[in-house]
>>> print(open('my_file-v6.txt').read())   # compact mmCIF, C-alpha atoms
# COMPACT_ATOMS: atom_id res chain seq x y z
CA MET P 157 27.94 -0.14 19.95
CA ALA P 158 27.38 -3.87 20.29
CA SER P 159 24.61 -3.30 22.77
CA ARG P 160 23.00 -0.73 20.51
CA SER P 161 23.29 -3.09 17.56
CA THR P 162 21.63 -5.87 19.54
CA THR P 163 18.82 -3.53 20.55
CA GLU P 164 18.35 -2.43 16.95
CA LYS P 165 18.21 -6.03 15.74
CA ALA P 166 15.69 -6.99 18.41
CA PHE P 167 13.60 -3.94 17.51
CA GLN P 168 13.64 -4.81 13.81
CA SER P 169 12.64 -8.41 14.57
CA ILE P 170 9.51 -7.16 16.33
CA ILE P 171 8.65 -4.37 13.88
CA ILE P 172 8.46 -6.90 11.07
CA ASP P 173 6.88 -4.72 8.41
CA ASP P 174 9.07 -1.66 8.86
CA GLU P 175 12.03 -2.25 6.55
CA GLY P 176 14.05 0.93 6.46
CA ARG P 177 12.19 2.13 9.57
CA ALA P 178 11.42 5.64 8.32
CA CYS P 179 9.66 7.72 10.97
CA ALA P 180 6.48 9.50 9.96
CA ASP P 181 5.79 11.92 12.81
CA ILE P 182 8.82 12.11 15.10
CA PRO P 183 12.06 13.95 14.23
CA GLU P 184 15.21 12.19 13.08
CA SER P 185 16.91 12.57 16.46
CA ALA P 186 14.03 10.78 18.19
CA CYS P 187 13.94 8.19 15.41
CA LYS P 188 17.56 7.23 16.10
CA GLN P 189 16.75 6.70 19.78
CA GLU P 190 13.52 4.82 19.06
CA PRO P 191 14.80 1.21 19.46
CA GLY P 192 16.03 1.81 23.01
CA ASN P 193 12.98 3.86 23.90
CA PHE P 194 10.71 1.16 22.48
CA PHE P 195 11.98 -1.48 24.91
CA LYS P 196 11.92 0.95 27.83
CA HIS P 197 8.26 1.69 27.07
CA VAL P 198 7.51 -2.02 26.87
CA GLY P 199 9.33 -2.73 30.14
CA ALA P 200 7.79 0.11 32.12
CA LEU P 201 4.29 -0.56 30.82
CA ALA P 202 4.58 -4.32 31.39
CA LEU P 203 5.54 -3.65 35.00
CA THR P 204 2.62 -1.31 35.63
CA LYS P 205 0.16 -3.68 33.96
CA SER P 206 1.46 -6.50 36.16
CA ALA P 207 0.93 -4.33 39.24
CA ASP P 208 -2.59 -3.52 38.06
CA GLY P 209 -3.37 -7.23 37.94
CA LEU P 210 -2.01 -7.82 41.44
CA ILE P 211 -4.19 -5.09 42.95
CA ASP P 212 -7.33 -5.34 40.75
CA PRO P 213 -10.09 -3.50 42.69
CA LYS P 214 -12.89 -5.45 40.98
CA LEU P 215 -11.52 -8.74 42.27
CA VAL P 216 -8.56 -8.65 44.62
CA LEU P 217 -9.42 -5.64 46.77
CA SER P 218 -13.11 -6.57 46.92
CA TRP P 219 -12.21 -10.02 48.24
CA LEU P 220 -9.66 -8.55 50.66
CA MET P 221 -12.13 -6.06 52.14
CA THR P 222 -14.69 -8.83 52.55
CA SER P 223 -12.17 -10.96 54.42
CA LEU P 224 -11.32 -7.99 56.67
CA GLY P 225 -14.98 -7.51 57.58
CA ALA P 226 -15.48 -4.18 55.81
CA PRO P 227 -19.12 -3.24 55.10
CA VAL P 228 -20.61 -3.85 51.66
CA ALA P 229 -21.22 -0.11 51.14
CA LEU P 230 -17.48 0.56 51.28
CA ILE P 231 -16.67 -2.39 49.03
CA GLY P 232 -19.05 -0.88 46.50
CA LEU P 233 -16.94 2.29 46.40
CA LEU P 234 -13.79 0.53 45.16
CA VAL P 235 -14.44 0.50 41.41
CA PRO P 236 -15.98 4.02 41.20
CA VAL P 237 -13.13 5.47 43.27
CA ARG P 238 -10.50 3.69 41.20
CA GLU P 239 -11.97 4.48 37.78
CA ALA P 240 -13.32 7.99 38.39
CA GLY P 241 -10.29 8.97 40.47
CA ALA P 242 -7.99 7.98 37.63
CA LEU P 243 -10.00 9.78 34.93
CA LEU P 244 -11.90 12.79 36.25
CA PRO P 245 -8.96 14.86 37.56
CA GLN P 246 -7.22 14.79 34.20
CA LEU P 247 -9.14 17.69 32.72
CA LEU P 248 -7.77 19.93 35.48
CA THR P 249 -4.22 18.55 35.63
CA ALA P 250 -3.51 18.65 31.88
CA GLY P 251 -2.77 22.39 31.94
CA PHE P 252 -0.22 22.12 34.73
CA LEU P 253 1.47 19.08 33.20
CA ARG P 254 1.86 20.92 29.89
CA GLN P 255 4.30 23.26 31.65
CA LEU P 256 6.77 20.37 31.82
CA GLN P 257 9.07 20.09 28.82
CA ARG P 258 9.83 16.46 29.66
CA ARG P 259 6.80 14.75 31.12
CA LYS P 260 8.51 11.44 31.83
CA TRP P 261 9.38 12.82 35.28
CA ALA P 262 5.72 13.37 36.15
CA TRP P 263 4.90 9.85 34.95
CA ALA P 264 7.70 8.37 37.04
CA ALA P 265 6.56 10.29 40.12
CA GLY P 266 2.99 9.13 39.61
CA SER P 267 4.16 5.53 39.31
CA ALA P 268 6.15 5.82 42.54
CA VAL P 269 3.12 7.22 44.41
CA GLN P 270 1.01 4.32 43.12
CA GLY P 271 3.62 1.96 44.50
CA LEU P 272 3.58 3.60 47.92
CA ALA P 273 -0.24 3.53 47.97
CA ALA P 274 -0.28 -0.19 47.09
CA ALA P 275 2.22 -0.95 49.86
CA THR P 276 0.07 1.09 52.26
CA ILE P 277 -2.92 -1.10 51.44
CA GLY P 278 -0.75 -4.11 52.24
CA LEU P 279 0.08 -2.61 55.65
CA ILE P 280 -3.62 -1.94 56.27
CA ALA P 281 -4.40 -5.57 55.46
CA ILE P 282 -2.09 -6.86 58.18
CA SER P 283 -2.90 -4.28 60.85
CA MET P 284 -6.57 -3.28 60.60
CA THR P 285 -10.04 -4.83 60.27
CA GLY P 286 -13.68 -3.85 59.89
CA VAL P 287 -14.91 -0.37 59.04
CA ALA P 288 -11.56 1.26 59.82
CA ALA P 289 -9.77 -1.04 57.36
CA GLY P 290 -12.44 -0.37 54.74
CA TRP P 291 -12.14 3.40 54.92
CA ALA P 292 -8.33 3.24 55.02
CA ILE P 293 -8.22 1.09 51.88
CA VAL P 294 -10.66 3.35 50.03
CA ILE P 295 -8.58 6.44 50.89
CA ALA P 296 -5.33 4.74 49.85
CA LEU P 297 -6.96 3.62 46.61
CA ALA P 298 -8.13 7.20 45.95
CA ILE P 299 -4.53 8.41 46.29
CA LEU P 300 -3.39 5.64 43.95
CA ALA P 301 -6.07 6.66 41.43
CA LEU P 302 -5.05 10.33 41.53
CA ALA P 303 -1.43 9.37 40.88
CA ARG P 304 -2.58 7.17 38.03
CA SER P 305 -4.45 10.11 36.50
CA VAL P 306 -1.16 12.01 36.25
CA CYS P 307 0.48 9.03 34.54
CA SER P 308 -2.40 8.71 32.10
CA VAL P 309 -2.19 12.35 30.99
CA CYS P 310 1.58 12.16 30.51
CA TYR P 311 1.96 8.72 28.98
CA LYS P 312 0.35 9.25 25.60
CA ASP P 313 2.26 12.49 25.17
CA VAL P 314 5.60 10.83 25.97
CA LEU P 315 4.71 7.88 23.75
CA GLY P 316 3.86 10.24 20.91
CA LYS P 317 7.24 12.01 21.18
CA THR P 318 9.42 8.89 21.47
CA ILE P 319 7.73 6.18 19.35
CA ASP P 320 6.57 6.63 15.77
CA LYS P 321 2.86 6.33 14.99
CA SER P 322 3.28 3.05 13.12
CA ARG P 323 4.71 1.29 16.18
CA ARG P 324 2.85 2.62 19.25
CA GLY P 325 0.19 -0.05 19.32
CA THR P 326 2.86 -2.72 19.02
CA ALA P 327 4.68 -1.37 22.09
CA THR P 328 1.57 -1.26 24.29
CA GLY P 329 0.29 -4.59 22.99
CA LEU P 330 3.60 -6.36 23.63
CA ALA P 331 3.68 -4.93 27.17
CA GLY P 332 0.17 -6.26 27.82
CA SER P 333 1.12 -9.73 26.64
CA ILE P 334 4.21 -9.81 28.86
CA ALA P 335 2.28 -8.59 31.91
CA SER P 336 -0.41 -11.18 31.39
CA VAL P 337 2.08 -13.95 32.17
CA THR P 338 2.58 -12.54 35.67
CA VAL P 339 -1.15 -12.24 36.23
CA ILE P 340 -1.74 -15.79 34.95
CA VAL P 341 0.69 -17.20 37.52
CA TYR P 342 -1.01 -15.14 40.23
CA ALA P 343 -4.47 -16.24 39.09
CA LEU P 344 -3.47 -19.91 39.07
CA ALA P 345 -2.20 -19.59 42.62
CA LEU P 346 -5.54 -18.04 43.64
CA SER P 347 -7.56 -20.67 41.79
CA PHE P 348 -5.78 -23.77 43.07
CA HIS P 349 -5.00 -22.61 46.63
CA LEU P 350 -1.26 -23.03 46.14
CA VAL P 351 -0.64 -20.49 48.92
CA ASP P 352 -2.83 -19.25 51.77
CA ARG P 353 -5.04 -16.63 50.11
CA VAL P 354 -4.69 -13.88 52.70
CA LEU P 355 -0.92 -14.27 52.58
CA LEU P 356 -0.92 -14.38 48.78
CA VAL P 357 -3.12 -11.31 48.35
CA THR P 358 -1.20 -9.30 50.95
CA GLY P 359 2.13 -10.31 49.45
CA GLY P 360 0.80 -9.35 46.03
CA LEU P 361 0.04 -5.85 47.29
CA PHE P 362 3.60 -5.34 48.52
CA LEU P 363 4.97 -6.81 45.28
CA ALA P 364 2.78 -4.44 43.26
CA GLY P 365 4.19 -1.53 45.26
CA GLY P 366 7.75 -2.49 44.43
CA VAL P 367 6.91 -3.11 40.79
CA TRP P 368 5.36 0.35 40.39
CA ILE P 369 8.42 2.03 41.89
CA LEU P 370 10.73 0.01 39.62
CA SER P 371 8.63 1.00 36.61
CA GLY P 372 9.01 4.67 37.49
CA LEU P 373 12.78 4.31 37.72
CA LEU P 374 12.92 2.61 34.31
CA PHE P 375 10.76 5.32 32.74
CA THR P 376 13.21 8.04 33.79
CA THR P 377 15.81 6.49 31.47
CA LEU P 378 13.75 7.29 28.35
CA LYS P 379 15.39 9.65 25.88
CA GLU P 380 12.63 12.25 25.67
CA ARG P 381 13.19 15.50 23.81
CA ALA P 382 11.81 18.73 25.22
CA GLY P 383 8.22 19.33 24.14
CA ALA P 384 5.89 22.28 23.75
CA THR P 385 4.85 23.96 26.99
CA ASP P 386 2.36 26.51 25.72
CA GLY P 387 -1.18 25.96 26.93
CA GLY P 388 -0.21 25.59 30.60
CA LYS P 389 -3.08 27.75 31.85
CA SER P 390 -5.02 27.76 35.08
CA ALA P 391 -7.19 24.74 35.77
CA LEU P 392 -10.41 26.59 34.94
CA LYS P 393 -9.11 28.11 31.70
CA GLU P 394 -7.61 24.80 30.62
CA ALA P 395 -10.91 23.03 31.30
CA LEU P 396 -12.79 25.55 29.17
CA ASN P 397 -10.26 25.29 26.36
CA ASN P 398 -10.42 21.50 26.44
CA PHE P 399 -14.18 21.60 26.08
CA ASN P 400 -13.68 23.92 23.11
CA CYS P 401 -11.78 21.02 21.52
CA LEU P 402 -14.90 18.93 21.96
CA ARG P 403 -17.02 21.64 20.36
CA ASP P 404 -14.71 22.23 17.41
CA ASP P 405 -13.54 18.69 16.51
CA ALA P 406 -16.25 16.39 15.16
CA GLN P 407 -13.88 13.43 15.03
CA LEU P 408 -13.05 13.87 18.72
CA ARG P 409 -16.77 13.88 19.55
CA ARG P 410 -17.30 10.70 17.55
CA PHE P 411 -14.29 9.04 19.18
CA ILE P 412 -15.57 9.85 22.68
CA LEU P 413 -19.04 8.58 21.71
CA THR P 414 -17.51 5.32 20.49
CA ARG P 415 -15.40 4.94 23.62
CA GLY P 416 -18.38 5.78 25.83
CA LEU P 417 -20.57 3.11 24.24
CA LEU P 418 -17.76 0.58 24.59
CA THR P 419 -17.57 1.08 28.36
CA ALA P 420 -20.02 -1.82 28.27
CA THR P 421 -17.05 -4.15 27.84
CA ALA P 422 -15.63 -2.97 31.19
CA LEU P 423 -18.93 -2.85 33.09
CA ALA P 424 -20.42 -6.17 31.96
CA PRO P 425 -18.25 -8.87 33.66
CA PRO P 426 -19.64 -8.47 37.21
CA PHE P 427 -23.19 -8.80 35.86
CA MET P 428 -22.22 -11.86 33.81
CA ILE P 429 -20.77 -13.51 36.91
CA ALA P 430 -23.79 -12.58 39.06
CA VAL P 431 -26.27 -13.99 36.56
CA GLY P 432 -24.15 -17.10 35.98
CA SER P 433 -23.88 -17.75 39.70
CA ARG P 434 -27.65 -17.59 40.10
CA ALA P 435 -27.91 -20.05 37.24
CA GLY P 436 -25.82 -22.54 39.17
CA GLU P 437 -22.21 -21.90 38.14
CA GLY P 438 -19.94 -22.76 41.05
CA TYR P 439 -16.44 -21.82 39.90
CA ASP P 440 -14.13 -19.67 41.97
CA LYS P 441 -14.83 -16.06 41.03
CA LEU P 442 -11.59 -14.50 42.19
CA GLY P 443 -9.19 -16.94 40.58
CA PHE P 444 -11.21 -17.51 37.42
CA LEU P 445 -11.82 -13.86 36.58
CA ALA P 446 -8.15 -13.00 37.02
CA LEU P 447 -7.19 -16.00 34.88
CA ALA P 448 -9.74 -15.22 32.15
CA GLY P 449 -8.57 -11.64 31.86
CA ALA P 450 -4.89 -12.58 31.83
CA LEU P 451 -5.36 -15.30 29.20
CA ALA P 452 -7.36 -12.93 27.03
CA SER P 453 -4.61 -10.33 27.30
CA LEU P 454 -1.91 -12.89 26.52
CA CYS P 455 -3.74 -14.20 23.46
CA SER P 456 -4.82 -10.88 22.01
CA SER P 457 -2.85 -7.85 23.21
CA PHE P 458 0.06 -8.10 20.80
CA VAL P 459 -2.25 -8.95 17.88
CA TRP P 460 -4.61 -6.07 18.68
CA GLY P 461 -1.62 -3.76 19.01
CA ARG P 462 -0.22 -4.69 15.61
CA LEU P 463 -3.64 -4.35 13.99
CA SER P 464 -4.14 -0.97 15.69
CA ASP P 465 -0.97 0.32 14.05
CA ARG P 466 -2.57 -0.49 10.69
CA SER P 467 -6.09 0.70 11.45
CA SER P 468 -7.25 1.49 14.99
CA ARG P 469 -10.65 2.36 13.50
CA LYS P 470 -11.12 -1.21 12.24
CA VAL P 471 -9.95 -2.61 15.59
CA LEU P 472 -12.66 -0.59 17.37
CA ILE P 473 -15.30 -1.74 14.87
CA PHE P 474 -14.35 -5.40 15.17
CA SER P 475 -14.06 -5.24 18.96
CA ALA P 476 -17.51 -3.69 19.17
CA LEU P 477 -18.89 -6.44 16.92
CA VAL P 478 -17.38 -9.19 19.08
CA ALA P 479 -18.67 -7.55 22.26
CA ALA P 480 -22.17 -7.17 20.82
CA ILE P 481 -22.31 -10.84 19.82
CA ILE P 482 -20.92 -12.08 23.15
CA LEU P 483 -23.20 -9.91 25.28
CA ALA P 484 -26.27 -10.69 23.19
CA ALA P 485 -25.57 -14.42 23.50
CA THR P 486 -24.97 -14.08 27.24
CA SER P 487 -28.23 -12.20 27.73
CA TRP P 488 -30.20 -14.70 25.66
CA LEU P 489 -28.76 -17.69 27.53
CA ALA P 490 -29.40 -15.93 30.85
CA PHE P 491 -33.06 -15.37 29.98
CA ALA P 492 -33.23 -19.04 28.95
CA GLY P 493 -31.75 -20.13 32.27
CA THR P 494 -28.88 -22.07 30.67
CA LEU P 495 -25.98 -19.66 31.21
CA GLY P 496 -24.64 -21.73 34.11
CA ASP P 497 -24.49 -24.98 32.12
CA GLY P 498 -21.04 -26.49 31.69
CA TYR P 499 -18.35 -24.12 30.48
CA ILE P 500 -20.66 -21.68 28.67
CA LEU P 501 -20.07 -18.72 30.95
CA PRO P 502 -16.27 -19.11 31.15
CA VAL P 503 -16.06 -19.18 27.35
CA LEU P 504 -18.32 -16.14 26.96
CA LEU P 505 -16.40 -14.17 29.57
CA PHE P 506 -13.12 -15.00 27.89
CA GLY P 507 -14.55 -13.78 24.57
CA LEU P 508 -15.70 -10.52 26.12
CA MET P 509 -12.26 -9.94 27.61
CA ILE P 510 -10.76 -10.42 24.15
CA ALA P 511 -13.06 -7.65 22.91
CA TYR P 512 -12.17 -5.51 25.93
CA GLN P 513 -8.47 -5.79 25.11
CA GLY P 514 -9.23 -4.71 21.55
CA VAL P 515 -11.14 -1.69 22.82
CA ARG P 516 -8.28 -0.68 25.11
CA LEU P 517 -5.57 -1.01 22.45
CA GLY P 518 -7.68 0.45 19.65
CA ARG P 519 -8.88 3.56 21.48
CA SER P 520 -5.45 4.27 22.99
CA THR P 521 -3.68 4.06 19.63
CA HIS P 522 -6.43 5.98 17.84
CA LEU P 523 -6.32 8.88 20.28
CA VAL P 524 -2.54 9.23 20.10
CA ASP P 525 -2.52 9.08 16.30
CA MET P 526 -5.50 11.39 15.71
CA ALA P 527 -3.95 14.16 17.83
CA ASN P 528 -0.73 16.07 17.32
CA GLU P 529 1.90 17.18 19.81
CA ASP P 530 0.01 20.37 20.64
CA THR P 531 -3.39 18.74 21.22
CA ARG P 532 -2.49 15.28 22.52
CA ALA P 533 -2.48 16.08 26.24
CA ALA P 534 -5.73 18.07 26.07
CA TYR P 535 -7.51 15.40 23.98
CA THR P 536 -6.37 12.68 26.39
CA ALA P 537 -7.53 14.60 29.46
CA LEU P 538 -10.87 15.56 27.93
CA SER P 539 -11.63 12.05 26.68
CA ASN P 540 -10.73 10.45 29.98
CA THR P 541 -12.75 12.98 31.97
CA VAL P 542 -15.91 12.39 29.94
CA ILE P 543 -15.47 8.62 30.19
CA GLY P 544 -14.90 8.95 33.94
CA LEU P 545 -18.28 10.65 34.26
CA LEU P 546 -19.91 7.93 32.19
CA LEU P 547 -18.35 5.21 34.35
CA LEU P 548 -19.74 6.92 37.44
CA ALA P 549 -23.14 7.02 35.78
CA GLY P 550 -22.67 3.32 35.02
CA GLY P 551 -23.49 2.70 38.67
CA GLY P 552 -27.10 3.13 37.58
CA PHE P 553 -26.95 -0.30 35.97
CA SER P 554 -27.14 -1.72 39.50
CA LEU P 555 -30.57 -0.11 39.85
CA VAL P 556 -31.66 -1.64 36.53
CA ALA P 557 -30.42 -5.04 37.71
CA ASN P 558 -32.36 -4.74 40.97
CA SER P 559 -35.57 -3.89 39.11
CA PHE P 560 -35.35 -5.97 35.94
CA GLY P 561 -32.49 -8.43 36.51
CA GLY P 562 -28.92 -8.74 35.29
CA GLU P 563 -30.19 -10.31 32.07
CA MET P 564 -31.73 -6.97 31.05
CA VAL P 565 -28.52 -5.12 31.88
CA LEU P 566 -26.57 -7.44 29.61
CA ALA P 567 -29.12 -6.90 26.83
CA ILE P 568 -28.72 -3.12 27.16
CA MET P 569 -24.94 -3.46 27.04
CA ALA P 570 -25.20 -5.61 23.92
CA GLY P 571 -27.18 -2.77 22.36
CA MET P 572 -24.52 -0.26 23.41
CA SER P 573 -21.84 -2.35 21.72
CA GLY P 574 -23.95 -2.59 18.59
CA LEU P 575 -24.33 1.19 18.46
CA ALA P 576 -20.57 1.50 18.91
CA ILE P 577 -20.08 -0.29 15.57
CA SER P 578 -21.93 2.51 13.80
CA ALA P 579 -20.12 5.22 15.78
CA ALA P 580 -16.67 3.73 15.05
CA TRP P 581 -17.53 3.31 11.38
CA GLY P 582 -17.58 7.09 10.99
CA LEU P 583 -14.08 7.55 12.46
CA GLU P 584 -11.27 8.56 10.14
CA ASP P 585 -8.55 6.02 9.37
CA VAL P 586 -5.93 8.11 11.17
CA GLN P 587 -3.03 5.74 10.43
CA ARG P 588 -3.42 6.55 6.72
CA SER P 589 -3.55 10.32 7.12
>>> encode(input="my_file-v6.txt", output="structure tokens")
Amino acid sequence: MASRSTTEKAFQSIIIDDEGRACADIPESACKQEPGNFFKHVGALALTKSADGLIDPKLVLSWLMTSLGAPVALIGLLVPVREAGALLPQLLTAGFLRQLQRRKWAWAAGSAVQGLAAATIGLIAISMTGVAAGWAIVIALAILALARSVCSVCYKDVLGKTIDKSRRGTATGLAGSIASVTVIVYALALSFHLVDRVLLVTGGLFLAGGVWILSGLLFTTLKERAGATDGGKSALKEALNNFNCLRDDAQLRRFILTRGLLTATALAPPFMIAVGSRAGEGYDKLGFLALAGALASLCSSFVWGRLSDRSSRKVLIFSALVAAIILAATSWLAFAGTLGDGYILPVLLFGLMIAYQGVRLGRSTHLVDMANEDTRAAYTALSNTVIGLLLLAGGGFSLVANSFGGEMVLAIMAGMSGLAISAAWGLEDVQRS
């Protein structure tokens, strides 16, 4: 009882506004178990986010493959494989996963597979080089991404059954802030050469593997009630039914449009760095980008999470506004040839990562709260599949950069963020419904 009382007090100290803690959309039995489940969610998610930072394909794996002598063509596959592999399969797997009454087990299994895949990449790094190492890493990353897709489908459903709608953003935001501390330490080590880089990156891969496995074990201790299992159809039928959701739900279409336009916040950083480097910026890309992202997460994740619990719609609007301003300023300074002066680019990149964190927290909370228990898994899978296709299509920005320069790409992305303001404005305030 003392332990439970301590947990309850800690929970109440974080959920500052919820005196009385009445639950709006989970049953009383789940409400009684919510304090313990809240901290288990935070712990498991903080671990996985830490592992994500240690294995970041945009930065860490790209640098690793370069050091191993892998060809540029294979390095270019890392981000598409990671992002599309984590999103596209979800439309087909949602039907099967709905057959599970308690989906925490699927999430835990997916986390364990991610851990094994990360450790495999570590083994590749110390035993292989060249083209063979490149292909082996890409294949291992594809397996990791597929396992992640299972976790993504299950997580929002489990979150929706165990944490009330007024506190979900707080849980995910707090986890992001905790994880950012780990990534900051890692980024500082990369930036200031505190440890040999090959050793540090390889060790980080093995550490990420262990962290993912530990996260899966923690997730199995959640008190999850049995959920609905109807809708577990064949992959083809489930895919067709999920697209019917898109046809029938105007708010879902608008949400996916908003999220699609805001992919600019994820796609822009490499172009910002490329343009800034041409302008004369000489900072360390690997260490700085990891540090900028971690600091942005630390400063903003918990705040964005709390604000999302009040109005995820307003979080998406404000994040889009910040992104539009940052990207427009970056493009303008790039055209003027002054982007590389002083600390301009680091500040702008940090600002964009703040907006990116807002997009992540806002769209995640909005999707969970706009859906119900029967539609949550299908909405998640459909949204992620469409966004996966858009991220694949985002590879076309490289062609635009080759023809017209990275400055033009940044201008287009600023326009996308501006359009996202209008799209998000038409979303319902789901926390009030």
>>> atom_distance(input="my_file-v6.txt", atom1="CA of Pro227 in chain P", atom2="CA of Ala281 in chain P")
14.9 Å
>>> closest_residue(input="my_file-v6.txt", among="P:Ala557, P:Ile568, P:Leu538, P:Ala450", to="Ile412 in chain P", atoms="all atoms listed in the file")
P:Leu538
>>> closest_residue(input="my_file-v6.txt", among="P:Val287, P:Ile482, P:Leu508, P:Val354", to="Trp219 in chain P", atoms="all atoms listed in the file")
P:Val354
>>> closest_residue(input="my_file-v6.txt", among="P:Lys196, P:Arg258, P:Lys317, P:Lys205", to="Asn528 in chain P", atoms="only C-alpha atoms")
P:Lys317
>>> closest_residue(input="my_file-v6.txt", among="P:Pro245, P:Gly316, P:Gly199, P:Gly562", to="Arg381 in chain P", atoms="all atoms listed in the file")
P:Gly316
>>> closest_residue(input="my_file-v6.txt", among="P:Ala274, P:Ala345, P:Ala422, P:Leu363", to="Ile543 in chain P", atoms="all atoms listed in the file")
P:Ala422
>>> closest_residue(input="my_file-v6.txt", among="P:Leu248, P:Val357, P:Cys455, P:Val367", to="Gly278 in chain P", atoms="all atoms listed in the file")
P:Val357
>>> residues_around(input="my_file-v6.txt", residues="Tyr535 in chain P", least_positions_apart="4", cutoff="10 Å", atoms="only C-alpha atoms", output="PyMOL selection string")
chain P and resi 247+250+309+398-399+401-402+408+412+523-524+526-528+530-531+539-541
>>> residues_near_point(input="my_file-v6.txt", point="(-24.2, 2.9, 25.4)", cutoff="10 Å", atoms="all atoms listed in the file", output="PDB file with C-alpha atoms, keeping the file's coordinate frame")
ATOM      1  CA  LEU P 413     -19.040   8.580  21.710  1.00  0.00           C
ATOM      2  CA  THR P 414     -17.510   5.320  20.490  1.00  0.00           C
ATOM      3  CA  ARG P 415     -15.400   4.940  23.620  1.00  0.00           C
ATOM      4  CA  GLY P 416     -18.380   5.780  25.830  1.00  0.00           C
ATOM      5  CA  LEU P 417     -20.570   3.110  24.240  1.00  0.00           C
ATOM      6  CA  LEU P 418     -17.760   0.580  24.590  1.00  0.00           C
ATOM      7  CA  THR P 419     -17.570   1.080  28.360  1.00  0.00           C
ATOM      8  CA  ALA P 420     -20.020  -1.820  28.270  1.00  0.00           C
ATOM      9  CA  LEU P 546     -19.910   7.930  32.190  1.00  0.00           C
ATOM     10  CA  GLY P 550     -22.670   3.320  35.020  1.00  0.00           C
ATOM     11  CA  ILE P 568     -28.720  -3.120  27.160  1.00  0.00           C
ATOM     12  CA  MET P 569     -24.940  -3.460  27.040  1.00  0.00           C
ATOM     13  CA  ALA P 570     -25.200  -5.610  23.920  1.00  0.00           C
ATOM     14  CA  GLY P 571     -27.180  -2.770  22.360  1.00  0.00           C
ATOM     15  CA  MET P 572     -24.520  -0.260  23.410  1.00  0.00           C
ATOM     16  CA  SER P 573     -21.840  -2.350  21.720  1.00  0.00           C
ATOM     17  CA  GLY P 574     -23.950  -2.590  18.590  1.00  0.00           C
ATOM     18  CA  LEU P 575     -24.330   1.190  18.460  1.00  0.00           C
ATOM     19  CA  ALA P 576     -20.570   1.500  18.910  1.00  0.00           C
TER      20      ALA P 576
END
